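Inspection log for the structure reproduced underneath, given as C-alpha cells.
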Amino acid sequence: MPNPNTTPMRVIEETPGYWRVVFDYPPFNVVDANVFEALQDLLIRMETTESLRVVVFESALPDFYLSHFDLTGKIGNIMTAVGPSGLPILMDTFVRLTKAPVVSLAKIRGCVRGVSSEFVLACDMRFASRENTKLGHPELGVGLHPGGGGTERLPHLVGRGRALEIVLSANDFDGDMAERYGYVNRTFPDAELDGFIDGLARRISSFDRRALAAAKNLVNRVSLPPSDRLLDAFASFGMALGWPEAQNRIRSVLERGLQRDADFEKNWPEILGALLEPERKVGRDDSQS
Amino acid sequence: MPNPNTTPMRVIEETPGYWRVVFDYPPFNVVDANVFEALQDLLIRMETTESLRVVVFESALPDFYLSHFDLTGKIGNIMTAVGPSGLPILMDTFVRLTKAPVVSLAKIRGCVRGVSSEFVLACDMRFASRENTKLGHPELGVGLHPGGGGTERLPHLVGRGRALEIVLSANDFDGDMAERYGYVNRTFPDAELDGFIDGLARRISSFDRRALAAAKNLVNRVSLPPSDRLLDAFASFGMALGWPEAQNRIRSVLERGLQRDADFEKNWPEILGALLEPERKVGRDDSQS
Amino acid sequence: MPNPNTTPMRVIEETPGYWRVVFDYPPFNVVDANVFEALQDLLIRMETTESLRVVVFESALPDFYLSHFDLTGKIGNIMTAVGPSGLPILMDTFVRLTKAPVVSLAKIRGCVRGVSSEFVLACDMRFASRENTKLGHPELGVGLHPGGGGTERLPHLVGRGRALEIVLSANDFDGDMAERYGYVNRTFPDAELDGFIDGLARRISSFDRRALAAAKNLVNRVSLPPSDRLLDAFASFGMALGWPEAQNRIRSVLERGLQRDADFEKNWPEILGALLEPERKVGRDDSQS
C-alpha cells in the first residue's frame, strides 16, 4: 500500500471507457496540495486517453468524501502557480474538469464541505447517499467565503435565494435537502447508490466519444460561469485569507479539533454560529459519533 | 401607538447585528407611497449601521404579509422620482435591497401578491408558512403585468416555464407549491417558522460583515438581472397603467371589494378569470373567511 | 377523415381565444416534414388571429405525444430551407413558438423524445400525466446529440447537472422525475390533467392580449437562449447526422423495430446502452406492452 499521505487517490480502470477514482487519504480526505497534484495528473490522463468516456469520483472513507480545504497551510502553490488553462492551479483543476470531453460523476457519501463542494459542483453530475451526506459551504463561519467557484456555480443550479442560504448560513445540507434544492441531481438509498451509478456509467461509456463531447460542450456554452467571475471570487478569497478576523476564526476551529478529532470533523459546522463564544461541545447526538 | 396610516412598519433591534422589521399597516398592509418611504428610510439605516448583519421582514397581521400595490392611486411619486441609485423609487428600493451589504430574510405569512411578491423576490432568502401562504402575481388579471422585477427575477429562480405560469395564470401559489417551484427557499409548519428564522438570523449575525458582503456580492454578480431589463419592465408597466382595459379591470376589482372587504382581499385572484362577467361570489370556502 | 399521412394535426377552436391542437398522425406521431409544415401553417394563424390568447397542444394517441424525429429520412427541407425568422425551418418553428404573442401549453401524455422534447421545451408551459409520461433525449444513444434547442433550453430549466444527465444518459424520465427536475411545470394524475389545463387555458384566455404579450416578452428577454447558441447546436447536429458511428446506430434501431414495432417504439431507450451488442429483447415488463 502506498503512503497514504502522498497518494491521495487511486484509479480503477473498470473498462477502457469507464474509470473509478477513489479518494483514500486518511484520516479525513482533507484537500491539500497533494490532492490537487493528483487531480492535475488525472486530468492529463483523462484528456489524452481516447478510449475513456466516464470517470466516477468516490471515497474509500465512509464518513468523508473530500472533507474541506486544508486549513493548516499545506496548500503548496495551488493558489499561485498557473495550470495549462492559464488559471491558478485550484481554479484550473475545476475548470478543466467541467470542460473535459470525458463525463464526470460524483458519487457522494459523507462530508463534502467548502472546496470539496466546489469539486462536486465542477463534476458533470452529482448523486448522493440519502442517509449519509453532509454537503455545504462553511467558509463564512471561518471568516472567509467560497473562492473556487461555489458562489458562481450554485446560483445557476439552485437559484439566488437558495445559493445565498447555502453560502451565508455556512451550514450542512443533508441528502434530502440537497436534492430538493437541486444541489445534487438526486439521492438514492445508500444501498442503491453504487448500482445506479455503475449502470449509468456503463451506459454512457457505450456511447461515442465525439457525440458525448459535442453534447457536453453545447450544454457548457449556456451553463458555465464566465472565467472573469471565477477569477473575481478567487482573488477575493485570496484577500480574505489575510483578514485578521478570518485568521482568528481559523485558529479557533483548529484548536477545537479540526483536522485532528473525528467527531469534531464530522460536525463542526454546527458550532460556527457560536465559534467566538466560550467553547461548547459539538456532536451532541452521541449516535452520530 | 403611532398612527398606523403613516407608520407602516416598525424596527425591533434584537441585537446590534440583527433587526426585525414588522409591517403593521392595517387593515391589509397595502403597498403605497408610505411603505416605500419607510423602506427608503430603512435602507439608509441598513447601509450605514456598521454593526448590522441581518434584517428579517415579517408582518404583524396574520392574513397579510404585504398585500399588493395600492390600486386607489396613493402611490405618491414612487414611479417618477428617482432614488440614490438613479432608478425610480420603486425600483431603487428593490435594487438597493438586493445589493445591500446586510442580509435580508423574508418571513412569509399570509397574502403576498404583485409588488409584494417583488419585494420578497428582492430579499436574499424567502421562508414561508406551510399553512398560511398565498403568493402570486395577479397583475394580468387586472390588465397589467409585473413591473417591479417579477418578470426578471422569477425565471432565474424557477425557470421560464414556471415563471410564465406564475405570471400569466395570475393565480395564488400556496406554501407547498411555492417551495416545489423554488419561488421560496422552503416552507415550515407555521409553528416552526419563527424559531427557524430566528436561529438562522442569529447565526448569520455572528459572522463578519465584510465576509458576508463579499460573498453576497459574488453571488449577485452571476444572479441579479441587468438594470436595463428591470427598466424595460418598469417602463412597460407605466404604459400599461394607462391602458383602458386595465383601468376597466382595476375599477371592477375595487368595486367588488379590493382594499375594503377582508374576504375579497384574501381571495380575489380566484375570480380574475371571470372578472368582466356578471359578478360571482368569492371566498366560497366559508372556513377561510 | 383526412389522410393521416399528410394531415398530422387538427385545430379545435374551443373559443375565439382558446384553441386545442391535437396531434393525430398514426401510428406513432413521428415528427417529419409534414409535422413541421403543419406547425408552420399554425404559427401564421396564431400570429395573425387577433382574438387568440392560448393554444393547448395534445395528442389523440394514448401512448405517443410526438414520438421523435423521423429517422427514415422523411424530413424534407426542414434542415435547409429557412423560415420567416431567417432560421432553418426546424429552428424557426421552435423560436417563433417561444416568441409568439399567444400562450402555448403542452398537455403531455405518452412518449416525448428528442425533437419532441424540444417542441415541448419551446412551449410556454408543460403539464404532464403522472402515470403516462416518458420524456427524454435519446439522441446520444443513436450517436447524435440534441440539435433543436434541447442543450440550450434544459440548463436554464433544470440546471447544468440535471441537463447533462438528461442529455448524456439518453434515458426516459417519467412524470414524477420530470416534475422533480423542473423539466415540466408539474404533473397531475391522468384523470385530472384535462380539467386542470382546460381551466387554466380558459382563465388565461380571459385576459388581455397586449398584457399577455408584454408579460411573455419580458420573461423571454431574460430566459430565452441566444440565437447564436441555438445555431451552434443546429450546425453541430447537422454534422453529426453524417458521422459513420451515428449512421451505424440509426440503422440498428431501425432494424430492431423503430417506427415499425409499437412495443419497441414505446421502450427503445432501454436498450441504447447495449445497442451495438448482440440483440436483447426490450419491453421486458410484459404489462407495459
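Following the order of the C-alpha cells, first chain is A, next is B, and so on, with residues numbered from 1 inside each chain and ligands from 1 in the order they appear.
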Compile the residues of chain A that lie within 9 Å of chain C, evaluated using only C-alpha atoms, and express the compilation as number ranges by chain. A: 103, 121, 123-126, 156-158, 180, 182-186, 200-208, 210-212, 214-216, 218-224
Just write the chosen residues, N, CA and C atoms, as an mmCIF file, in the first residue's frame.
data_model
loop_
_atom_site.group_PDB
_atom_site.id
_atom_site.type_symbol
_atom_site.label_atom_id
_atom_site.label_comp_id
_atom_site.auth_asym_id
_atom_site.auth_seq_id
_atom_site.Cartn_x
_atom_site.Cartn_y
_atom_site.Cartn_z
ATOM 1 N N VAL A 103 -16.945 12.495 -19.279
ATOM 2 C CA VAL A 103 -18.045 12.806 -18.365
ATOM 3 C C VAL A 103 -17.646 12.453 -16.937
ATOM 4 N N LEU A 121 -19.360 20.368 -7.523
ATOM 5 C CA LEU A 121 -20.063 21.297 -8.420
ATOM 6 C C LEU A 121 -19.374 21.378 -9.786
ATOM 7 N N CYS A 123 -18.034 18.703 -11.175
ATOM 8 C CA CYS A 123 -18.357 17.445 -11.859
ATOM 9 C C CYS A 123 -19.630 17.643 -12.697
ATOM 10 N N ASP A 124 -19.804 16.782 -13.694
ATOM 11 C CA ASP A 124 -20.954 16.959 -14.577
ATOM 12 C C ASP A 124 -22.265 16.601 -13.897
ATOM 13 N N MET A 125 -22.238 15.579 -13.032
ATOM 14 C CA MET A 125 -23.451 15.176 -12.313
ATOM 15 C C MET A 125 -23.071 14.798 -10.894
ATOM 16 N N ARG A 126 -24.029 14.942 -9.987
ATOM 17 C CA ARG A 126 -23.833 14.654 -8.577
ATOM 18 C C ARG A 126 -24.956 13.739 -8.093
ATOM 19 N N HIS A 156 -26.731 29.173 -10.533
ATOM 20 C CA HIS A 156 -27.313 28.559 -11.731
ATOM 21 C C HIS A 156 -28.070 27.274 -11.381
ATOM 22 N N LEU A 157 -27.573 26.522 -10.408
ATOM 23 C CA LEU A 157 -28.194 25.239 -10.058
ATOM 24 C C LEU A 157 -29.415 25.399 -9.185
ATOM 25 N N VAL A 158 -29.344 26.286 -8.196
ATOM 26 C CA VAL A 158 -30.377 26.295 -7.153
ATOM 27 C C VAL A 158 -31.097 27.640 -7.051
ATOM 28 N N ARG A 180 -33.728 18.404 -2.922
ATOM 29 C CA ARG A 180 -34.835 19.344 -3.096
ATOM 30 C C ARG A 180 -34.340 20.677 -3.655
ATOM 31 N N GLY A 182 -31.750 21.057 -5.581
ATOM 32 C CA GLY A 182 -31.043 20.920 -6.863
ATOM 33 C C GLY A 182 -29.530 21.023 -6.733
ATOM 34 N N TYR A 183 -29.043 20.949 -5.505
ATOM 35 C CA TYR A 183 -27.593 20.982 -5.232
ATOM 36 C C TYR A 183 -26.961 19.705 -5.798
ATOM 37 N N VAL A 184 -27.669 18.564 -5.668
ATOM 38 C CA VAL A 184 -27.276 17.320 -6.339
ATOM 39 C C VAL A 184 -28.387 16.947 -7.324
ATOM 40 N N ASN A 185 -28.046 16.111 -8.302
ATOM 41 C CA ASN A 185 -29.069 15.647 -9.245
ATOM 42 C C ASN A 185 -30.174 14.932 -8.499
ATOM 43 N N ARG A 186 -29.792 13.912 -7.715
ATOM 44 C CA ARG A 186 -30.760 13.212 -6.878
ATOM 45 C C ARG A 186 -30.009 12.355 -5.875
ATOM 46 N N LEU A 200 -25.337 3.700 -14.835
ATOM 47 C CA LEU A 200 -25.296 4.935 -15.630
ATOM 48 C C LEU A 200 -23.931 5.094 -16.298
ATOM 49 N N ALA A 201 -22.865 4.802 -15.550
ATOM 50 C CA ALA A 201 -21.518 4.963 -16.108
ATOM 51 C C ALA A 201 -21.299 3.994 -17.269
ATOM 52 N N ARG A 202 -21.749 2.749 -17.120
ATOM 53 C CA ARG A 202 -21.574 1.782 -18.209
ATOM 54 C C ARG A 202 -22.409 2.184 -19.428
ATOM 55 N N ARG A 203 -23.592 2.684 -19.188
ATOM 56 C CA ARG A 203 -24.444 3.123 -20.297
ATOM 57 C C ARG A 203 -23.767 4.256 -21.075
ATOM 58 N N ILE A 204 -23.354 5.287 -20.338
ATOM 59 C CA ILE A 204 -22.729 6.433 -21.017
ATOM 60 C C ILE A 204 -21.444 5.998 -21.714
ATOM 61 N N SER A 205 -20.703 5.066 -21.101
ATOM 62 C CA SER A 205 -19.427 4.660 -21.713
ATOM 63 C C SER A 205 -19.636 3.859 -22.991
ATOM 64 N N SER A 206 -20.870 3.431 -23.259
ATOM 65 C CA SER A 206 -21.151 2.725 -24.523
ATOM 66 C C SER A 206 -21.399 3.694 -25.672
ATOM 67 N N PHE A 207 -21.539 4.992 -25.363
ATOM 68 C CA PHE A 207 -21.829 5.973 -26.413
ATOM 69 C C PHE A 207 -20.530 6.474 -27.050
ATOM 70 N N ASP A 208 -20.667 7.247 -28.112
ATOM 71 C CA ASP A 208 -19.496 7.679 -28.886
ATOM 72 C C ASP A 208 -18.851 8.919 -28.270
ATOM 73 N N ARG A 210 -17.130 11.421 -29.524
ATOM 74 C CA ARG A 210 -17.301 12.772 -30.062
ATOM 75 C C ARG A 210 -18.731 13.284 -29.917
ATOM 76 N N ALA A 211 -19.705 12.363 -29.866
ATOM 77 C CA ALA A 211 -21.078 12.807 -29.593
ATOM 78 C C ALA A 211 -21.197 13.298 -28.143
ATOM 79 N N LEU A 212 -20.591 12.548 -27.213
ATOM 80 C CA LEU A 212 -20.614 12.984 -25.808
ATOM 81 C C LEU A 212 -19.925 14.340 -25.656
ATOM 82 N N ALA A 214 -19.413 16.667 -27.907
ATOM 83 C CA ALA A 214 -20.164 17.751 -28.546
ATOM 84 C C ALA A 214 -21.368 18.161 -27.691
ATOM 85 N N ALA A 215 -22.086 17.168 -27.144
ATOM 86 C CA ALA A 215 -23.266 17.480 -26.333
ATOM 87 C C ALA A 215 -22.871 18.240 -25.066
ATOM 88 N N LYS A 216 -21.827 17.748 -24.401
ATOM 89 C CA LYS A 216 -21.377 18.417 -23.174
ATOM 90 C C LYS A 216 -20.923 19.841 -23.480
ATOM 91 N N LEU A 218 -21.978 21.817 -25.827
ATOM 92 C CA LEU A 218 -23.136 22.685 -26.076
ATOM 93 C C LEU A 218 -23.808 23.096 -24.766
ATOM 94 N N VAL A 219 -23.986 22.128 -23.862
ATOM 95 C CA VAL A 219 -24.564 22.472 -22.548
ATOM 96 C C VAL A 219 -23.658 23.462 -21.816
ATOM 97 N N ASN A 220 -22.351 23.209 -21.862
ATOM 98 C CA ASN A 220 -21.403 24.115 -21.200
ATOM 99 C C ASN A 220 -21.543 25.560 -21.669
ATOM 100 N N ARG A 221 -21.762 25.732 -22.969
ATOM 101 C CA ARG A 221 -21.765 27.090 -23.515
ATOM 102 C C ARG A 221 -22.895 27.949 -22.970
ATOM 103 N N VAL A 222 -23.948 27.329 -22.451
ATOM 104 C CA VAL A 222 -25.027 28.125 -21.844
ATOM 105 C C VAL A 222 -25.107 27.945 -20.336
ATOM 106 N N SER A 223 -24.161 27.228 -19.726
ATOM 107 C CA SER A 223 -24.332 26.963 -18.293
ATOM 108 C C SER A 223 -23.083 27.178 -17.438
ATOM 109 N N LEU A 224 -21.915 27.338 -18.033
ATOM 110 C CA LEU A 224 -20.727 27.564 -17.203
ATOM 111 C C LEU A 224 -20.560 29.046 -16.891
#
Quick one: pick out all helix (DSSP H, G or I) residues within segment 55-191 of chain B from a backbone DSSP run and write them as JSON, numbers by chain. {"B": [89, 90, 91, 92, 93, 94, 95, 96, 97, 98, 99, 115, 116, 117, 118, 119, 120, 121, 122, 139, 140, 141, 142, 150, 151, 152, 153, 154, 155, 156, 157, 158, 159, 160, 161, 162, 163, 164, 165, 166, 167, 168, 169, 175, 176, 177, 178, 179, 180, 181, 190, 191]}
Check the DSSP output for the backbone and give back, as an MDAnalysis selection string, the residues of segment 17-165 of chain B in strand (DSSP E or B). chainID B and resid 18:23 31 54:59 64:66 69 82 88 103:113 125:136
What gap, in Å, lies between atom CA of Pro88 of chain A and atom CA of Val11 of chain A?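 Computing it gives 24.6 Å between the two atoms.
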Atom CA of Glu255 of chain C and atom CA of Ile108 of chain C are how many Å apart?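 Answer for the atom CA of Glu255 of chain C to atom CA of Ile108 of chain C separation: 28.3 Å.
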Give me, as a PDB file with N, CA, C and O atoms, in the first residue's frame, all polymer residues having an atom no more than 9 Å from Ala213 of chain A, counting only C-alpha atoms and skipping those fewer than 6 positions away in the same chain.
ATOM      1  N   LYS A  99     -14.762  21.196 -18.515  1.00  0.00           N
ATOM      2  CA  LYS A  99     -14.656  21.263 -19.976  1.00  0.00           C
ATOM      3  C   LYS A  99     -14.105  19.989 -20.611  1.00  0.00           C
ATOM      4  O   LYS A  99     -14.044  19.892 -21.836  1.00  0.00           O
ATOM      5  N   ALA A 100     -13.705  19.022 -19.789  1.00  0.00           N
ATOM      6  CA  ALA A 100     -13.122  17.792 -20.333  1.00  0.00           C
ATOM      7  C   ALA A 100     -14.113  17.090 -21.253  1.00  0.00           C
ATOM      8  O   ALA A 100     -15.320  17.132 -21.020  1.00  0.00           O
ATOM      9  N   PRO A 101     -13.614  16.422 -22.298  1.00  0.00           N
ATOM     10  CA  PRO A 101     -14.522  15.649 -23.149  1.00  0.00           C
ATOM     11  C   PRO A 101     -15.075  14.417 -22.433  1.00  0.00           C
ATOM     12  O   PRO A 101     -16.032  13.813 -22.901  1.00  0.00           O
ATOM     13  N   VAL A 102     -14.464  14.059 -21.308  1.00  0.00           N
ATOM     14  CA  VAL A 102     -14.896  12.906 -20.518  1.00  0.00           C
ATOM     15  C   VAL A 102     -15.952  13.357 -19.512  1.00  0.00           C
ATOM     16  O   VAL A 102     -15.867  14.449 -18.953  1.00  0.00           O
ATOM     17  N   VAL A 103     -16.945  12.495 -19.279  1.00  0.00           N
ATOM     18  CA  VAL A 103     -18.045  12.806 -18.365  1.00  0.00           C
ATOM     19  C   VAL A 103     -17.646  12.453 -16.937  1.00  0.00           C
ATOM     20  O   VAL A 103     -17.091  11.376 -16.701  1.00  0.00           O
TER      21      VAL A 103
END
Fewer than 4 positions away in the same chain doesn't count, so skip those; otherwise give me all residues within 7 Å of Ile78 of chain C, counting only C-alpha atoms, as a ChimeraX atom specification. /C:33,88-90
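Take atom CA of Thr49 of chain A and atom CA of His68 of chain A: the distance between them is 29.4 Å.
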